[in-house]
file target_37.pdb (PDB, C-alpha atoms)
MODEL        1
ATOM      1  CA  MET A   1     101.069  82.970 145.146
ATOM      2  CA  THR A   2     100.485  86.535 143.955
ATOM      3  CA  ASP A   3     103.685  87.623 145.711
ATOM      4  CA  ASP A   4     105.539  84.823 143.931
ATOM      5  CA  LEU A   5     104.145  86.008 140.620
ATOM      6  CA  GLN A   6     105.084  89.617 141.371
ATOM      7  CA  SER A   7     108.648  88.656 142.228
ATOM      8  CA  ARG A   8     108.902  86.598 139.031
ATOM      9  CA  LEU A   9     107.581  89.577 137.051
ATOM     10  CA  ASP A  10     110.049  91.908 138.783
ATOM     11  CA  GLN A  11     112.829  89.523 137.855
ATOM     12  CA  LEU A  12     111.681  89.360 134.201
ATOM     13  CA  ALA A  13     110.881  93.086 133.925
ATOM     14  CA  PRO A  14     114.193  94.099 132.283
ATOM     15  CA  LEU A  15     113.514  91.560 129.493
ATOM     16  CA  LEU A  16     109.898  92.429 128.779
ATOM     17  CA  VAL A  17     110.919  95.260 126.453
ATOM     18  CA  ALA A  18     114.649  94.738 125.885
ATOM     19  CA  GLY A  19     114.021  91.062 125.005
ATOM     20  CA  SER A  20     111.851  92.158 122.084
ATOM     21  CA  PRO A  21     114.057  93.752 119.404
ATOM     22  CA  HIS A  22     111.189  95.671 117.780
ATOM     23  CA  ALA A  23     109.978  97.181 121.076
ATOM     24  CA  ALA A  24     113.568  98.100 121.969
ATOM     25  CA  ASP A  25     114.096  99.614 118.511
ATOM     26  CA  LEU A  26     111.071 101.885 118.964
ATOM     27  CA  GLY A  27     112.486 103.017 122.324
ATOM     28  CA  PHE A  28     109.679 101.564 124.460
ATOM     29  CA  VAL A  29     110.134 101.677 128.239
ATOM     30  CA  LEU A  30     108.383  99.365 130.726
ATOM     31  CA  ASP A  31     107.000 101.579 133.499
ATOM     32  CA  ALA A  32     105.219  98.862 135.503
ATOM     33  CA  VAL A  33     104.246  95.218 135.406
ATOM     34  CA  ARG A  34     101.901  93.602 137.922
ATOM     35  CA  PRO A  35      99.789  90.422 137.757
ATOM     36  CA  GLY A  36      97.494  91.044 134.757
ATOM     37  CA  GLU A  37      98.687  94.598 134.185
ATOM     38  CA  ALA A  38     101.393  96.448 132.298
ATOM     39  CA  VAL A  39     102.308 100.066 131.595
ATOM     40  CA  VAL A  40     104.598 100.725 128.612
ATOM     41  CA  ARG A  41     105.737 104.163 127.457
ATOM     42  CA  ALA A  42     106.905 105.411 124.050
ATOM     43  CA  PRO A  43     109.025 108.562 124.449
ATOM     44  CA  TYR A  44     108.477 111.082 121.612
ATOM     45  CA  ARG A  45     110.936 110.671 118.751
ATOM     46  CA  GLU A  46     111.149 112.561 115.486
ATOM     47  CA  ASP A  47     111.963 109.423 113.532
ATOM     48  CA  LEU A  48     108.593 107.934 114.576
ATOM     49  CA  VAL A  49     106.550 110.819 113.157
ATOM     50  CA  GLY A  50     103.821 109.942 110.649
ATOM     51  CA  ASP A  51     103.135 113.310 109.062
ATOM     52  CA  PRO A  52     106.132 115.680 109.004
ATOM     53  CA  GLU A  53     103.777 118.670 108.587
ATOM     54  CA  THR A  54     102.157 118.122 111.982
ATOM     55  CA  GLY A  55     104.905 116.261 113.859
ATOM     56  CA  VAL A  56     102.309 113.751 115.092
ATOM     57  CA  THR A  57     103.605 110.247 115.913
ATOM     58  CA  HIS A  58     102.514 107.617 113.336
ATOM     59  CA  GLY A  59      99.468 105.509 114.205
ATOM     60  CA  GLY A  60     101.611 102.421 113.634
ATOM     61  CA  VAL A  61     103.702 103.306 116.684
ATOM     62  CA  VAL A  62     100.522 103.479 118.767
ATOM     63  CA  THR A  63      99.530 100.079 117.328
ATOM     64  CA  ALA A  64     102.880  98.543 118.293
ATOM     65  CA  LEU A  65     102.766 100.160 121.751
ATOM     66  CA  LEU A  66      99.231  98.922 122.515
ATOM     67  CA  ASP A  67     100.116  95.465 121.180
ATOM     68  CA  HIS A  68     103.224  95.280 123.334
ATOM     69  CA  ALA A  69     101.575  96.599 126.507
ATOM     70  CA  SER A  70      98.592  94.273 126.023
ATOM     71  CA  GLY A  71     100.805  91.250 125.366
ATOM     72  CA  THR A  72     102.837  92.020 128.472
ATOM     73  CA  ALA A  73      99.654  92.351 130.569
ATOM     74  CA  ALA A  74      98.381  89.020 129.210
ATOM     75  CA  PHE A  75     101.735  87.374 129.963
ATOM     76  CA  ALA A  76     101.507  88.738 133.504
ATOM     77  CA  GLY A  77      97.871  87.605 133.715
ATOM     78  CA  LEU A  78      98.610  84.042 132.636
ATOM     79  CA  GLY A  79     101.179  83.348 135.318
ATOM     80  CA  GLY A  80     104.251  84.990 133.795
ATOM     81  CA  ASP A  81     105.655  81.692 132.484
ATOM     82  CA  LYS A  82     103.820  80.997 129.220
ATOM     83  CA  ALA A  83     104.578  82.106 125.677
ATOM     84  CA  LEU A  84     101.639  83.819 123.987
ATOM     85  CA  ALA A  85     100.388  84.629 120.522
ATOM     86  CA  THR A  86      98.086  87.566 119.683
ATOM     87  CA  LEU A  87      94.784  86.408 118.192
ATOM     88  CA  ASP A  88      93.391  89.829 117.425
ATOM     89  CA  LEU A  89      93.745  93.474 118.276
ATOM     90  CA  ARG A  90      91.078  96.122 117.732
ATOM     91  CA  ILE A  91      92.087  99.774 118.102
ATOM     92  CA  ASP A  92      90.075 103.005 118.180
ATOM     93  CA  TYR A  93      92.182 106.063 117.340
ATOM     94  CA  MET A  94      90.500 108.895 119.209
ATOM     95  CA  ARG A  95      92.791 111.819 118.538
ATOM     96  CA  PRO A  96      96.326 112.559 117.316
ATOM     97  CA  ALA A  97      99.014 112.258 119.986
ATOM     98  CA  THR A  98     100.462 115.605 121.070
ATOM     99  CA  PRO A  99     103.828 116.198 119.343
ATOM    100  CA  GLY A 100     106.675 116.215 121.857
ATOM    101  CA  GLN A 101     104.803 114.180 124.477
ATOM    102  CA  ALA A 102     105.481 110.552 125.389
ATOM    103  CA  ILE A 103     102.600 108.129 124.751
ATOM    104  CA  ILE A 104     101.732 105.848 127.660
ATOM    105  CA  ALA A 105      99.850 102.570 127.210
ATOM    106  CA  GLU A 106      98.139 101.073 130.251
ATOM    107  CA  ALA A 107      96.853  97.531 129.715
ATOM    108  CA  HIS A 108      94.884  95.271 132.033
ATOM    109  CA  THR A 109      93.697  91.710 131.681
ATOM    110  CA  VAL A 110      89.910  91.784 131.871
ATOM    111  CA  LYS A 111      89.559  88.011 132.108
ATOM    112  CA  VAL A 112      91.584  84.857 131.756
ATOM    113  CA  SER A 113      89.587  81.915 130.461
ATOM    114  CA  GLY A 114      91.550  78.696 130.011
ATOM    115  CA  LEU A 115      94.292  79.392 127.487
ATOM    116  CA  ILE A 116      92.887  82.794 126.462
ATOM    117  CA  ALA A 117      93.439  86.219 128.014
ATOM    118  CA  PHE A 118      91.216  89.190 127.133
ATOM    119  CA  VAL A 119      93.040  92.484 127.531
ATOM    120  CA  SER A 120      91.825  96.057 127.431
ATOM    121  CA  ALA A 121      94.206  99.000 127.039
ATOM    122  CA  ILE A 122      94.283 102.764 126.813
ATOM    123  CA  ALA A 123      96.964 104.990 125.277
ATOM    124  CA  HIS A 124      97.236 108.593 126.469
ATOM    125  CA  ASP A 125      99.852 111.325 126.590
ATOM    126  CA  GLY A 126      99.463 112.472 130.168
ATOM    127  CA  ASP A 127      95.719 112.636 130.852
ATOM    128  CA  ARG A 128      93.927 109.272 131.160
ATOM    129  CA  ASP A 129      90.594 111.050 130.633
ATOM    130  CA  ASP A 130      91.659 112.273 127.196
ATOM    131  CA  PRO A 131      92.856 109.081 125.472
ATOM    132  CA  VAL A 132      94.795 108.987 122.207
ATOM    133  CA  ALA A 133      93.539 105.450 121.542
ATOM    134  CA  THR A 134      91.885 102.488 123.232
ATOM    135  CA  SER A 135      92.137  98.811 122.347
ATOM    136  CA  HIS A 136      90.837  95.322 123.033
ATOM    137  CA  ALA A 137      92.871  92.227 122.324
ATOM    138  CA  ALA A 138      92.777  88.464 122.817
ATOM    139  CA  PHE A 139      95.902  86.393 123.446
ATOM    140  CA  MET A 140      96.339  82.650 123.525
ATOM    141  CA  VAL A 141      98.961  80.384 125.036
ATOM    142  CA  SER A 142     100.791  79.271 121.928
ATOM    143  CA  ARG A 143     102.149  75.778 121.460
ATOM    144  CA  VAL A 144     104.740  76.965 118.915
ATOM    145  CA  SER A 145     105.865  79.791 121.207
ATOM    146  CA  GLN A 146     105.881  77.517 124.237
ATOM    147  CA  GLU A 147     107.988  74.845 122.546
ATOM    148  CA  ALA A 148     110.500  77.483 121.480
ATOM    149  CA  ALA A 149     110.625  78.957 124.989
ATOM    150  CA  ASP A 150     111.036  75.495 126.568
ATOM    151  CA  ARG A 151     113.853  74.660 124.163
ATOM    152  CA  VAL A 152     115.760  77.829 125.002
ATOM    153  CA  ARG A 153     115.162  77.338 128.736
ATOM    154  CA  ALA A 154     116.510  73.774 128.517
ATOM    155  CA  ASP A 155     119.549  75.033 126.616
ATOM    156  CA  ILE A 156     120.223  77.690 129.208
ATOM    157  CA  GLU A 157     119.818  75.228 132.082
ATOM    158  CA  ALA A 158     122.159  72.777 130.347
ATOM    159  CA  GLY A 159     124.730  75.535 129.908
ATOM    160  CA  ARG A 160     124.355  75.599 126.130
ATOM    161  CA  ALA A 161     123.860  78.947 124.519
ATOM    162  CA  GLY A 162     120.625  79.065 122.510
ATOM    163  CA  PRO A 163     120.598  80.421 118.954
ATOM    164  CA  PHE A 164     119.148  83.744 120.036
ATOM    165  CA  THR A 165     120.741  84.137 123.433
ATOM    166  CA  ARG A 166     122.867  86.981 122.180
ATOM    167  CA  THR A 167     119.914  89.116 121.025
ATOM    168  CA  PRO A 168     119.625  92.561 122.644
ATOM    169  CA  GLY A 169     119.082  93.218 126.264
ATOM    170  CA  PRO A 170     120.908  92.464 129.445
ATOM    171  CA  GLY A 171     119.757  88.860 129.647
ATOM    172  CA  GLN A 172     119.409  85.987 127.272
ATOM    173  CA  ALA A 173     115.914  85.813 126.026
ATOM    174  CA  GLY A 174     112.325  86.103 127.010
ATOM    175  CA  GLY A 175     109.698  88.715 126.603
ATOM    176  CA  ALA A 176     106.007  88.385 126.626
ATOM    177  CA  ARG A 177     105.634  88.239 122.920
TER     178      ARG A 177
ATOM    179  CA  MET B 178     107.616 105.314  93.162
ATOM    180  CA  SER B 179     104.678 107.274  91.864
ATOM    181  CA  ALA B 180     104.023 110.857  92.953
ATOM    182  CA  ARG B 181     100.685 109.950  94.514
ATOM    183  CA  LEU B 182     102.486 108.021  97.244
ATOM    184  CA  ALA B 183     104.883 110.902  97.994
ATOM    185  CA  LEU B 184     102.781 112.064 100.964
ATOM    186  CA  LEU B 185     103.178 108.639 102.532
ATOM    187  CA  MET B 186     106.820 108.082 101.681
ATOM    188  CA  ASN B 187     107.698 111.457 103.247
ATOM    189  CA  SER B 188     106.768 110.052 106.642
ATOM    190  CA  PRO B 189     109.866 109.488 108.801
ATOM    191  CA  TYR B 190     108.297 106.418 110.435
ATOM    192  CA  VAL B 191     107.348 104.799 107.111
ATOM    193  CA  ARG B 192     110.882 105.340 105.801
ATOM    194  CA  ARG B 193     112.376 104.016 109.034
ATOM    195  CA  LEU B 194     110.296 100.839 108.825
ATOM    196  CA  GLY B 195     111.662 100.420 105.286
ATOM    197  CA  VAL B 196     108.258  99.874 103.659
ATOM    198  CA  ARG B 197     108.174 100.184  99.872
ATOM    199  CA  PHE B 198     105.592  99.576  97.166
ATOM    200  CA  ASP B 199     105.561  97.567  93.995
ATOM    201  CA  ASP B 200     103.340  99.798  91.937
ATOM    202  CA  HIS B 201     101.598  98.542  88.783
ATOM    203  CA  GLY B 202      98.796 100.963  87.940
ATOM    204  CA  ASP B 203      96.062 100.350  90.457
ATOM    205  CA  GLU B 204      97.715  97.138  91.673
ATOM    206  CA  LEU B 205      99.822  98.085  94.651
ATOM    207  CA  THR B 206     101.760  95.572  96.709
ATOM    208  CA  GLY B 207     103.350  96.706  99.968
ATOM    209  CA  ILE B 208     106.702  95.162 100.884
ATOM    210  CA  LEU B 209     108.081  95.101 104.422
ATOM    211  CA  PRO B 210     111.712  94.006 104.017
ATOM    212  CA  TYR B 211     112.906  91.777 106.845
ATOM    213  CA  GLY B 212     115.221  93.331 109.393
ATOM    214  CA  GLU B 213     116.304  92.161 112.843
ATOM    215  CA  ALA B 214     114.674  95.234 114.380
ATOM    216  CA  LEU B 215     111.248  93.875 113.334
ATOM    217  CA  VAL B 216     111.508  90.778 115.528
ATOM    218  CA  GLY B 217     109.026  90.724 118.410
ATOM    219  CA  ASN B 218     109.850  87.393 119.974
ATOM    220  CA  PRO B 219     113.356  86.111 119.255
ATOM    221  CA  LEU B 220     112.584  82.672 120.733
ATOM    222  CA  ILE B 221     110.204  81.532 118.010
ATOM    223  CA  PRO B 222     111.451  83.690 116.166
ATOM    224  CA  ALA B 223     108.502  85.785 114.971
ATOM    225  CA  LEU B 224     108.077  89.378 113.829
ATOM    226  CA  HIS B 225     106.361  91.814 116.221
ATOM    227  CA  GLY B 226     102.578  91.956 115.825
ATOM    228  CA  GLY B 227     102.772  95.732 116.144
ATOM    229  CA  ALA B 228     105.126  96.004 113.163
ATOM    230  CA  ILE B 229     102.779  93.863 111.058
ATOM    231  CA  GLY B 230      99.780  95.950 112.151
ATOM    232  CA  ALA B 231     101.628  99.167 111.306
ATOM    233  CA  PHE B 232     102.685  97.773 107.907
ATOM    234  CA  MET B 233      99.070  96.881 107.077
ATOM    235  CA  GLU B 234      97.903 100.380 108.149
ATOM    236  CA  ILE B 235     100.516 101.907 105.841
ATOM    237  CA  THR B 236      99.385  99.624 103.000
ATOM    238  CA  ALA B 237      95.773 100.698 103.585
ATOM    239  CA  ALA B 238      96.797 104.372 103.424
ATOM    240  CA  ALA B 239      98.761 103.703 100.209
ATOM    241  CA  GLY B 240      95.730 101.977  98.681
ATOM    242  CA  LEU B 241      93.583 105.021  99.441
ATOM    243  CA  LEU B 242      96.173 107.449  98.076
ATOM    244  CA  ALA B 243      96.483 105.366  94.905
ATOM    245  CA  ALA B 244      92.722 105.246  94.378
ATOM    246  CA  SER B 245      91.991 108.987  94.479
ATOM    247  CA  ASP B 246      93.550 112.435  94.861
ATOM    248  CA  LEU B 247      93.776 113.196  98.550
ATOM    249  CA  ALA B 248      94.838 116.517 100.079
ATOM    250  CA  ALA B 249      96.252 114.852 103.195
ATOM    251  CA  LEU B 250      97.304 111.465 104.503
ATOM    252  CA  PRO B 251      94.348 109.201 105.383
ATOM    253  CA  LYS B 252      93.944 109.007 109.160
ATOM    254  CA  PRO B 253      92.922 105.749 110.837
ATOM    255  CA  ILE B 254      89.659 105.941 112.819
ATOM    256  CA  ASP B 255      89.609 102.320 113.901
ATOM    257  CA  VAL B 256      91.332  99.131 112.827
ATOM    258  CA  SER B 257      90.830  95.495 113.669
ATOM    259  CA  ILE B 258      93.758  93.145 113.173
ATOM    260  CA  ASP B 259      93.605  89.341 113.038
ATOM    261  CA  TYR B 260      96.865  87.473 113.524
ATOM    262  CA  LEU B 261      96.493  84.260 111.547
ATOM    263  CA  ARG B 262      99.940  82.631 111.580
ATOM    264  CA  PRO B 263     103.307  83.324 113.176
ATOM    265  CA  VAL B 264     105.124  85.846 110.995
ATOM    266  CA  ARG B 265     108.528  84.331 110.183
ATOM    267  CA  PRO B 266     111.737  86.369 109.967
ATOM    268  CA  ALA B 267     111.419  87.102 106.241
ATOM    269  CA  ASP B 268     109.902  89.785 103.981
ATOM    270  CA  VAL B 269     106.162  90.404 104.340
ATOM    271  CA  TYR B 270     103.820  91.486 101.533
ATOM    272  CA  ALA B 271     100.403  93.113 101.712
ATOM    273  CA  ARG B 272      97.596  94.302  99.480
ATOM    274  CA  ALA B 273      94.687  96.575 100.257
ATOM    275  CA  VAL B 274      91.138  96.405  98.918
ATOM    276  CA  ILE B 275      88.900  99.427  99.350
ATOM    277  CA  THR B 276      85.561  98.006 100.422
ATOM    278  CA  ARG B 277      83.776 101.323 100.386
ATOM    279  CA  GLN B 278      85.119 104.685  99.322
ATOM    280  CA  GLY B 279      83.238 107.631 100.777
ATOM    281  CA  SER B 280      83.832 111.353 100.534
ATOM    282  CA  ARG B 281      84.979 111.480 104.147
ATOM    283  CA  VAL B 282      85.367 107.923 105.402
ATOM    284  CA  SER B 283      86.623 104.834 103.567
ATOM    285  CA  ASN B 284      86.499 101.216 104.634
ATOM    286  CA  VAL B 285      89.592  99.213 103.744
ATOM    287  CA  ARG B 286      90.652  95.574 104.040
ATOM    288  CA  VAL B 287      94.264  94.424 103.938
ATOM    289  CA  GLU B 288      95.830  90.973 103.818
ATOM    290  CA  ALA B 289      99.482  90.263 104.546
ATOM    291  CA  TRP B 290     101.339  87.134 103.485
ATOM    292  CA  GLN B 291     104.827  85.641 103.182
ATOM    293  CA  GLU B 292     105.437  82.462 101.160
ATOM    294  CA  ARG B 293     101.950  82.003  99.752
ATOM    295  CA  ARG B 294      99.296  84.600  99.182
ATOM    296  CA  ALA B 295      96.668  81.951  99.873
ATOM    297  CA  ALA B 296      98.084  81.505 103.397
ATOM    298  CA  PRO B 297      97.831  85.011 104.877
ATOM    299  CA  VAL B 298      99.757  85.698 108.101
ATOM    300  CA  ALA B 299      97.548  88.617 109.156
ATOM    301  CA  ALA B 300      94.521  90.633 108.054
ATOM    302  CA  LEU B 301      93.274  94.109 108.871
ATOM    303  CA  HIS B 302      90.067  95.958 108.287
ATOM    304  CA  GLY B 303      89.386  99.492 109.323
ATOM    305  CA  HIS B 304      87.929 102.907 108.679
ATOM    306  CA  PHE B 305      90.053 105.826 107.536
ATOM    307  CA  LEU B 306      89.254 109.518 107.441
ATOM    308  CA  VAL B 307      90.022 110.865 103.966
ATOM    309  CA  LYS B 308      90.193 114.410 102.630
ATOM    310  CA  PRO B 309      89.761 114.453  98.838
ATOM    311  CA  VAL B 310      91.384 117.341  96.952
ATOM    312  CA  GLY B 311      88.841 120.137  96.496
ATOM    313  CA  GLU B 312      86.530 119.070  99.339
ATOM    314  CA  THR B 313      85.905 121.919 101.731
ATOM    315  CA  ARG B 314      85.271 119.782 104.800
TER     316      ARG B 314
ENDMDL
END

call {"tool": "encode", "arguments": {"input": "target_37.pdb", "output": "structure tokens"}}
result
Amino acid sequence: MTDDLQSRLDQLAPLLVAGSPHAADLGFVLDAVRPGEAVVRAPYREDLVGDPETGVTHGGVVTALLDHASGTAAFAGLGGDKALATLDLRIDYMRPATPGQAIIAEAHTVKVSGLIAFVSAIAHDGDRDDPVATSHAAFMVSRVSQEAADRVRADIEAGRAGPFTRTPGPGQAGGAR
Amino acid sequence: MSARLALLMNSPYVRRLGVRFDDHGDELTGILPYGEALVGNPLIPALHGGAIGAFMEITAAAGLLAASDLAALPKPIDVSIDYLRPVRPADVYARAVITRQGSRVSNVRVEAWQERRAAPVAALHGHFLVKPVGETR
């Protein structure tokens, strides 16, 4: 069962960032995905800087990174086959990220309860013991998202191209979020 | 765009996201113009929660800059974001309300909406570290 899930996640891995235009646009890289866990990295980029005087990456990038890593962990915690919506995301910004360093978000599903996944995450730039930010989030299996995903899957299986099948990435569609 | 927002609009990330402000005195409305690069899930399709969160953080910072003279950009200490409705592929608007303005820390609330202001798509509240002009610490 777990091995099945891991092989499904391995198969989907290329889509978990590339299938999400915003994550791809910010240059996010999926480092790992396991049942209930995800590691997503944001390489340092000058166009993502918040304050040009310090060169520190904008807090909004950290927000998007934690959201994406947490959503991917929840997706991987809920069986890797359900479309999710974020209910809430609470972030503590502990220190500025070091300019020039990649920011790494490690997310793990604390608990799955019915349709809800509770996910905890940490963002650091090399040392897990010196976090840039930490977060807690709740995700829910979404009916709207699920219907959309089912529709596209049916289209693909029937050989029809879905409306968004040409969006970025090597495959057709997908992504945790 | 008023000079008091210059600090914010100088930020490469804010410019890249395309955020701008409709500025009427102390009434400031943030605008996040729709772009394909904001999409999080192309199946629904819905905008990325992270982009909406970032937009609301920027709107909170703009609200603080508009309310008083600050020597530096407000820095987020913590934020809590509620996602209330799927955010459709269209422009998003947001307004900030400063719940409490302190000499070092301010508490801000932000609501974001699309078609109707009464049907917000997301809300944020958080604390920001501020550095008023003339304060020594």

call {"tool": "interface_residues", "arguments": {"input": "target_37.pdb", "of": "chain A", "to": "chain B", "cutoff": "6 Å", "atoms": "only C-alpha atoms", "output": "list in words"}}
result
Ser20, Pro21, His22, Asp47, Leu48, Val49, Gly50, Asp51, Gly60, Thr63, Ala64, Asp67, Leu87, Asp88, Leu89, Arg90, Ile91, Asp92, Tyr93, Ser145, Ala148, Ala149 and Arg177 of chain A

call {"tool": "residues_around", "arguments": {"input": "target_37.pdb", "residues": "region 113-119 of chain A", "least_positions_apart": "4", "cutoff": "9 Å", "atoms": "only C-alpha atoms", "output": "list in words"}}
result
Gly36, Glu37, Ser70, Gly71, Ala73, Ala74, Phe75, Gly77, Leu78, Ala107, His108, Thr109, Ser135, His136, Ala137, Ala138, Phe139, Met140, Val141 and Ser142 of chain A

call {"tool": "closest_residue", "arguments": {"input": "target_37.pdb", "among": "B:Val269, B:Val287, B:Val264, B:Ala180", "to": "Ile208 (chain B)", "atoms": "only C-alpha atoms"}}
result
B:Val269

call {"tool": "residues_around", "arguments": {"input": "target_37.pdb", "residues": "Arg41 (chain A)", "least_positions_apart": "6", "cutoff": "9 Å", "atoms": "all atoms listed in the file", "output": "mmCIF file with C-alpha atoms, in the frame of the given file"}}
result
data_model
loop_
_atom_site.group_PDB
_atom_site.id
_atom_site.type_symbol
_atom_site.label_atom_id
_atom_site.label_comp_id
_atom_site.auth_asym_id
_atom_site.auth_seq_id
_atom_site.Cartn_x
_atom_site.Cartn_y
_atom_site.Cartn_z
ATOM 1 C CA GLY A 27 112.486 103.017 122.324
ATOM 2 C CA PHE A 28 109.679 101.564 124.460
ATOM 3 C CA VAL A 29 110.134 101.677 128.239
ATOM 4 C CA LEU A 30 108.383 99.365 130.726
ATOM 5 C CA ASP A 31 107.000 101.579 133.499
ATOM 6 C CA LEU A 65 102.766 100.160 121.751
ATOM 7 C CA ALA A 69 101.575 96.599 126.507
ATOM 8 C CA ALA A 102 105.481 110.552 125.389
ATOM 9 C CA ILE A 103 102.600 108.129 124.751
ATOM 10 C CA ILE A 104 101.732 105.848 127.660
ATOM 11 C CA ALA A 105 99.850 102.570 127.210
ATOM 12 C CA GLU A 106 98.139 101.073 130.251
#

call {"tool": "atom_distance", "arguments": {"input": "target_37.pdb", "atom1": "CA of Lys82 (chain A)", "atom2": "CA of Asp150 (chain A)"}}
result
9.5 Å

call {"tool": "atom_distance", "arguments": {"input": "target_37.pdb", "atom1": "CA of Gly311 (chain B)", "atom2": "CA of His58 (chain A)"}}
result
25.0 Å

call {"tool": "residues_around", "arguments": {"input": "target_37.pdb", "residues": "region 195-206 of chain B", "least_positions_apart": "2", "cutoff": "8 Å", "atoms": "only C-alpha atoms", "output": "list in words"}}
result
Met178, Ser179, Val191, Arg192, Arg193, Ile208, Leu209, Pro210, Phe232, Thr236, Ala239, Gly240, Ala243, Ala244, Tyr270, Ala271, Arg272 and Ala273 of chain B

call {"tool": "atom_distance", "arguments": {"input": "target_37.pdb", "atom1": "CA of Val56 (chain A)", "atom2": "CA of Thr98 (chain A)"}}
result
6.5 Å

call {"tool": "residues_around", "arguments": {"input": "target_37.pdb", "residues": "Ser283 (chain B)", "least_positions_apart": "4", "cutoff": "6 Å", "atoms": "only C-alpha atoms", "output": "number ranges by chain"}}
result
B: 277-279, 304-305

call {"tool": "closest_residue", "arguments": {"input": "target_37.pdb", "among": "B:Leu242, B:Ala237, B:Lys308, B:Gly207", "to": "Ser280 (chain B)", "atoms": "only C-alpha atoms"}}
result
B:Lys308

call {"tool": "closest_residue", "arguments": {"input": "target_37.pdb", "among": "A:Pro96, A:Gly59, A:Gly126, A:Gly79", "to": "Arg8 (chain A)", "atoms": "all atoms listed in the file"}}
result
A:Gly79

call {"tool": "residues_around", "arguments": {"input": "target_37.pdb", "residues": "Leu306 (chain B)", "least_positions_apart": "6", "cutoff": "6 Å", "atoms": "all atoms listed in the file", "output": "list of chain:residue names"}}
result
B:Pro251, B:Lys252, B:Arg281, B:Val282

call {"tool": "closest_residue", "arguments": {"input": "target_37.pdb", "among": "A:Val62, A:Ala32, A:Val39, A:Leu84", "to": "Leu9 (chain A)", "atoms": "all atoms listed in the file"}}
result
A:Ala32

call {"tool": "closest_residue", "arguments": {"input": "target_37.pdb", "among": "A:Pro99, A:Gly19, A:Gly80, A:Pro52", "to": "Asp4 (chain A)", "atoms": "all atoms listed in the file"}}
result
A:Gly80

call {"tool": "closest_residue", "arguments": {"input": "target_37.pdb", "among": "A:Ala133, A:Leu16, A:Met94, A:Asp81", "to": "Val61 (chain A)", "atoms": "all atoms listed in the file"}}
result
A:Ala133
